[in-house]
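Input: a single structure, listed below in structure tokens.
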Amino acid sequence: MKILHFPVGSLNLGLPLSQVQKVMPHPTVFSSGQKPIGLAHFEEQEVVVLDLHRFLLGQGNPHPPTHLIVVKAGTELYGLPCAGLPALVDIPPEQIRQIPPSYQQADTLGLASHVARWDQDMTLFLLDGQRLASLVQASAAL
């Protein structure tokens, strides 16, 4: 399975390539700065930008983002900033496991649906594009 891999702090995250619209240089993001969401222009539409570093780790990324991963989730587009160019990796399906629902409900990493062992020592959390919308709702409650 083709996965777009990118780090967020000490976490290794990934997205199935089928959910990725585009990887582009980081655009200007418009935000009040009060919440971990913002808005950016992408082609002829707007993209909700989710600061995963701030949401998952409770602080802004000390490294400025260089790229934006545009993800299609249903009818909406979401942007995920990353400090560096994401890598395309191929993970055999037998190395991908579903995360138990109890963990998904109990941890902020519940936006990951699967976990994969990659490169012997690395655990990669695979994000579920559909769950990114839940971050927007959670941010509204902050």
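Each chain in the structure tokens gets a letter, A, B and so on, in the order shown; residues start at 1 in every chain, and ligands are counted from 1 in the order they appear.
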
Nearby residues (only C-alpha atoms) at most 8 Å from stretch 15-29 of chain A, same-chain spacing under 6 positions excluded, as a list of chain:residue names
A:Met1, A:Lys2, A:Ile3, A:Leu4, A:His5, A:Gly38, A:Leu39, A:Ala40, A:His41, A:Val49, A:Pro65, A:Thr66, A:His67, A:Leu68, A:Ile69, A:Val70, A:Val71, A:Lys72, A:Ala73, A:Pro81, A:Leu126, A:Leu127, A:Asp128, A:Gly129

For A:Val8, please output as number ranges by chain all residues within 8 Å (counting only C-alpha atoms; exclusion window: fewer than 5 positions along the same chain).
A: 13, 52-53, 82

Taking C-alpha atoms for each residue, export the selection above as a tab-separated table (two decimals), in the first residue's frame.
chain	number	residue	atom	x	y	z
A	13	LEU	CA	2.11	9.72	10.63
A	52	LEU	CA	-1.60	18.50	13.90
A	53	HIS	CA	1.54	19.36	15.87
A	82	CYS	CA	4.60	19.51	7.60

Would you return as number ranges by chain the members of stretch 8-136 of chain A that DSSP assigns to strand (DSSP E) on this structure's backbone?
A: 8, 11-16, 20-25, 37-42, 45-50, 67-73, 76-82, 87-90, 96-98, 112-118, 122-127

Considering only C-alpha atoms, return as a list in words whatever protein or nucleic-acid residues lie within 8 Å of A:Asn12, sequence-local ones (same chain, fewer than 6 positions apart) excluded.
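The residues that qualify are His5, Phe6, Met122, Thr123, Leu124 and Phe125 of chain A.
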
Could you save those same residues with C-alpha atoms as a PDB file, in the first residue's frame?
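Output below, filename part25.pdb:
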ATOM      1  CA  HIS A   5       4.775   9.477   5.500  1.00  0.00           C
ATOM      2  CA  PHE A   6       5.483  12.640   7.502  1.00  0.00           C
ATOM      3  CA  MET A 122       9.280   2.516  13.122  1.00  0.00           C
ATOM      4  CA  THR A 123       5.602   2.569  14.037  1.00  0.00           C
ATOM      5  CA  LEU A 124       3.533   4.565  11.578  1.00  0.00           C
ATOM      6  CA  PHE A 125       0.045   5.802  12.515  1.00  0.00           C
TER       7      PHE A 125
END

For atom CA of A:Ser10 and atom CA of A:Asn61, determine how far apart the two atoms are, in Å to one decimal place.
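Atom CA of A:Asn61 lies 11.2 Å from atom CA of A:Ser10.
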
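The closest residue to A:Asp51, picked from A:Pro64, A:Leu80, A:Pro100, A:Arg117 and counting only C-alpha atoms, is A:Leu80.
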
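DSSP secondary structure from the backbone places Leu52, His53, Arg54, Phe55, Leu56, Leu57, Pro93, Glu94, Gln95, Pro101, Ser102, Tyr103, Gln104, Gln105, Ala106, Thr108, Leu109, Gly110 and Leu111 of chain A of stretch 35-118 of chain A in helix (DSSP H, G or I).
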
Any chance you can output those residues with C-alpha atoms as a compact mmCIF listing (two decimals), in the first residue's frame?
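Generated output (again-v6.txt):
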# COMPACT_ATOMS: atom_id res chain seq x y z
CA LEU A 52 -1.60 18.50 13.90
CA HIS A 53 1.54 19.36 15.87
CA ARG A 54 -0.39 21.75 18.09
CA PHE A 55 -3.44 19.51 18.31
CA LEU A 56 -1.60 16.27 19.09
CA LEU A 57 1.33 17.59 21.11
CA PRO A 93 -0.73 -4.93 3.66
CA GLU A 94 0.18 -7.67 6.16
CA GLN A 95 2.14 -5.08 8.19
CA PRO A 101 -11.83 1.25 18.86
CA SER A 102 -11.21 1.75 22.60
CA TYR A 103 -7.85 3.41 21.82
CA GLN A 104 -9.38 5.51 19.06
CA GLN A 105 -11.90 6.93 21.52
CA ALA A 106 -9.43 7.49 24.37
CA THR A 108 -5.99 12.20 20.42
CA LEU A 109 -4.32 9.77 18.05
CA GLY A 110 -7.79 8.32 17.62
CA LEU A 111 -7.79 10.12 14.31

My list of candidates is A:Gly84, A:Phe42, A:Ile96, A:Ile91. Which is closest to A:Asp119 when distances are computed with only C-alpha atoms?
A:Ile91

Distance atom CA of A:Gln34-atom CA of A:Pro62, one decimal place?
17.1 Å
